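Read the structure below first, then the notes.
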Amino acid sequence: MIPHLKRNLVALLVAGGLASALSGCGGAPAGISSSTGTSSSTGTSSSTGSSSSAGSQLDGPITVFAAASLKAPFTQLAREFEAKNPGTKVTLSFAGSSDLATQIIQGAPADVFASADTKNMSKLVDAKLLDGGPRNFASNVLEIAVPPGNPASISSFADLAKPGVKVVVCAPQVPCGSAAAAVEKSTGTNLKPVSEESSVTDVLGKVISGEADGGLVYVTDVKANGGKVQGIPFPEAAKAVNTYPIAAVGNSKNRALAAAFIALVTGETGRKVLSDAGFGAP
């Protein structure tokens, strides 16, 4: 009996040892699970960091108010901006700079303002409506736009003042109109326009439709409408060079996006697109 009892006792001890071992093995996976949990927690932290990083990436919409003469290059830049920053949307609103400045002052929701002159940008500076100071990014000069074939045989700025010549200009408060007035004053020429328009786009429309023999627009407008109008350069245009500034509007709901768009316009990509469109350096 004693040997039998001994065998039973040994068996019990072995069973107990296996149970303890199994318990120990169970502890190891628990430890791993705990480690995995820590790793998972770390992963969550990393994921949170990634989410935060993603949150810091550019997304959302902005509205850009830009001078009518910027339509071609800004349309291209907006497309490039959206392509480089998926999830962003750039809405462009083009008009005369004076109209756009007035709209912003009256509360129109804009994130970025690009003016065709410093005078209209100064209105927003004085009203303290900007987020930081404006940056000059381009320049432009006037050119005479005439219908194909130049039926009125215009060859100089002085020709615009000849009797019977129907000339269209921008209104004085509009940058292209202010530049035209400056050339008139410096040359002693007195133009008698048949109409004064609120933007260069409207002036071009009158010339293209044949309602005017000639119109004062920017050299960039003539280039953008090649085939629809002919351009007549004149040396006196150098007396009224317009400088274009751009700035973020203070009440922008997406300042990071506004700043990034301005960086694109004023950077290497923007300079190339603007140069290709005929704009000069600021």
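Going through the structure tokens in order, the chains are called A, B, and so on, while each chain numbers its residues from 1 and the ligands are numbered from 1 in the order shown.
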
Mind dumping a table of every region 104-193 of chain A residue within 7 Å of region 59-69 of chain A, with the nearest atom pair and its distance in Å to one decimal, using only C-alpha atoms, sorted by chain and rising number, as CSV?
```
residue,atom,partner,partner_atom,distance
A:Ala110,CA,A:Thr63,CA,5.1
A:Asp111,CA,A:Thr63,CA,5.3
A:Val112,CA,A:Val64,CA,4.7
A:Phe113,CA,A:Phe65,CA,4.8
A:Ala114,CA,A:Ala66,CA,4.6
A:Ser115,CA,A:Ala67,CA,5.3
A:Ala116,CA,A:Ala67,CA,5.6
```

Could you write out the selected residues, including C-alpha atoms, as a short mmCIF file (atom, residue, chain, number, x, y, z; two decimals), in the first residue's frame?
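Final output, saved to result-v4.cif:
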```cif
data_model
loop_
_atom_site.label_atom_id
_atom_site.label_comp_id
_atom_site.auth_asym_id
_atom_site.auth_seq_id
_atom_site.Cartn_x
_atom_site.Cartn_y
_atom_site.Cartn_z
CA ALA A 110 -13.77 86.55 -48.28
CA ASP A 111 -10.59 84.83 -47.11
CA VAL A 112 -8.11 86.41 -49.55
CA PHE A 113 -8.11 89.70 -51.45
CA ALA A 114 -5.89 90.34 -54.48
CA SER A 115 -6.12 93.89 -55.79
CA ALA A 116 -4.93 95.40 -59.07
#
```

Quick one: residues within 12 Å of Lys84 (chain A), only C-alpha atoms counted, chain neighbours fewer than 4 positions away excluded, as a PyMOL selection string?
chain A and resi 57-59+77-80+88-89+260-261+264

Tell me, which residues of region 17-228 of chain A carry DSSP strand (DSSP E or B), written as a PyMOL selection string?
chain A and resi 60-67+88-95+112-114+130+135-140+142-146+167-170+195-197+214-218+226

May I have the residues from that selection written out with C-alpha atoms, as a PDB file, in the first residue's frame?
```pdb
ATOM      1  CA  GLY A  60     -11.754  72.969 -46.358  1.00  0.00           C
ATOM      2  CA  PRO A  61     -12.901  75.883 -48.508  1.00  0.00           C
ATOM      3  CA  ILE A  62     -11.698  79.445 -49.032  1.00  0.00           C
ATOM      4  CA  THR A  63     -13.061  82.302 -51.105  1.00  0.00           C
ATOM      5  CA  VAL A  64     -10.622  84.472 -53.020  1.00  0.00           C
ATOM      6  CA  PHE A  65     -11.669  87.949 -54.186  1.00  0.00           C
ATOM      7  CA  ALA A  66      -9.403  88.935 -57.080  1.00  0.00           C
ATOM      8  CA  ALA A  67      -9.140  91.724 -59.632  1.00  0.00           C
ATOM      9  CA  THR A  88      -9.529  71.905 -50.376  1.00  0.00           C
ATOM     10  CA  LYS A  89     -11.842  74.056 -52.456  1.00  0.00           C
ATOM     11  CA  VAL A  90     -10.964  77.503 -53.806  1.00  0.00           C
ATOM     12  CA  THR A  91     -13.897  79.674 -54.857  1.00  0.00           C
ATOM     13  CA  LEU A  92     -12.852  82.607 -57.022  1.00  0.00           C
ATOM     14  CA  SER A  93     -14.770  85.875 -57.302  1.00  0.00           C
ATOM     15  CA  PHE A  94     -13.520  88.298 -59.964  1.00  0.00           C
ATOM     16  CA  ALA A  95     -14.546  91.943 -60.338  1.00  0.00           C
ATOM     17  CA  VAL A 112      -8.111  86.413 -49.546  1.00  0.00           C
ATOM     18  CA  PHE A 113      -8.113  89.703 -51.450  1.00  0.00           C
ATOM     19  CA  ALA A 114      -5.886  90.337 -54.477  1.00  0.00           C
ATOM     20  CA  LEU A 130      -6.622  92.322 -42.871  1.00  0.00           C
ATOM     21  CA  ARG A 135       2.354  91.469 -50.121  1.00  0.00           C
ATOM     22  CA  ASN A 136       3.052  92.785 -53.612  1.00  0.00           C
ATOM     23  CA  PHE A 137       3.180  89.920 -56.109  1.00  0.00           C
ATOM     24  CA  ALA A 138       2.891  91.342 -59.655  1.00  0.00           C
ATOM     25  CA  SER A 139       2.707  94.443 -61.823  1.00  0.00           C
ATOM     26  CA  ASN A 140       0.855  95.360 -64.997  1.00  0.00           C
ATOM     27  CA  LEU A 142      -1.974  99.379 -69.950  1.00  0.00           C
ATOM     28  CA  GLU A 143      -2.361  98.500 -73.607  1.00  0.00           C
ATOM     29  CA  ILE A 144      -4.921  99.554 -76.198  1.00  0.00           C
ATOM     30  CA  ALA A 145      -7.249  96.765 -77.255  1.00  0.00           C
ATOM     31  CA  VAL A 146      -8.830  97.092 -80.701  1.00  0.00           C
ATOM     32  CA  VAL A 167     -13.034 104.648 -76.843  1.00  0.00           C
ATOM     33  CA  VAL A 168     -14.019 102.766 -73.693  1.00  0.00           C
ATOM     34  CA  VAL A 169     -12.117 102.956 -70.404  1.00  0.00           C
ATOM     35  CA  CYS A 170     -12.502 101.762 -66.843  1.00  0.00           C
ATOM     36  CA  SER A 195     -18.522 104.616 -71.601  1.00  0.00           C
ATOM     37  CA  GLU A 196     -16.680 103.960 -68.341  1.00  0.00           C
ATOM     38  CA  GLU A 197     -16.803 100.364 -67.138  1.00  0.00           C
ATOM     39  CA  GLY A 214     -10.513 100.895 -78.814  1.00  0.00           C
ATOM     40  CA  GLY A 215     -10.364 100.239 -75.092  1.00  0.00           C
ATOM     41  CA  LEU A 216      -7.747 100.745 -72.414  1.00  0.00           C
ATOM     42  CA  VAL A 217      -7.029  97.466 -70.659  1.00  0.00           C
ATOM     43  CA  TYR A 218      -3.935  95.687 -69.391  1.00  0.00           C
ATOM     44  CA  GLY A 226      -5.644  86.758 -78.295  1.00  0.00           C
TER      45      GLY A 226
END
```

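Of the listed residues (A:Ala247, A:Ala224, A:Val273, A:Val200), A:Ala247 comes nearest to Thr118 (chain A); the distances count only C-alpha atoms.
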
One residue among A:Asn120, A:Ser153, A:Asn225, A:Gln76 is nearest to Ser178 (chain A) when using only C-alpha atoms, and that residue is A:Asn120

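You will find CA of Ala83 (chain A) at 15.8 Å from CA of Ile262 (chain A).
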
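CA of Ala258 (chain A) lies 23.6 Å from CA of Asn242 (chain A).
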
Separating CA of Leu70 (chain A) from CA of Ala248 (chain A), to the nearest tenth of an Å, is a gap of 16.6 Å

So which residues touch Lys166 (chain A) within 9 Å, counting only C-alpha atoms, skipping near sequence neighbours fewer than 3 positions away, as a short mmCIF file (atom, residue, chain, number, x, y, z; two decimals) with C-alpha atoms, in the first residue's frame?
```
data_model
loop_
_atom_site.label_atom_id
_atom_site.label_comp_id
_atom_site.auth_asym_id
_atom_site.auth_seq_id
_atom_site.Cartn_x
_atom_site.Cartn_y
_atom_site.Cartn_z
CA ALA A 152 -10.22 102.82 -86.69
CA LEU A 160 -7.87 107.62 -78.86
CA ALA A 161 -8.69 111.32 -78.53
CA LYS A 162 -9.38 111.85 -82.25
CA PRO A 163 -12.89 112.93 -83.20
CA LYS A 192 -13.82 111.44 -74.23
CA PRO A 193 -14.91 107.85 -73.65
CA VAL A 194 -18.30 106.65 -74.81
CA SER A 195 -18.52 104.62 -71.60
CA GLU A 211 -19.22 98.74 -79.66
CA ALA A 212 -15.85 100.46 -79.30
CA ASP A 213 -12.97 101.23 -81.65
CA GLY A 214 -10.51 100.90 -78.81
CA GLY A 215 -10.36 100.24 -75.09
#
```

Could you pull out the alpha helix (DSSP H) residues of region 123-277 of chain A, going by DSSP on the backbone, and write them as an MDAnalysis selection string?
chainID A and resid 123:126 175:187 200:208 219:224 255:266 268:276

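Ranking A:Ser209, A:Val125, A:Thr187, A:Gly132 by their shortest atom-to-atom distance to Lys228 (chain A), with only C-alpha atoms included, puts A:Ser209 first.
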
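Nearest-residue note for Val203 (chain A): choosing from A:Gly177, A:Gly133, A:Pro233, A:Pro245, the minimum distance belongs to A:Gly177, counting only C-alpha atoms.
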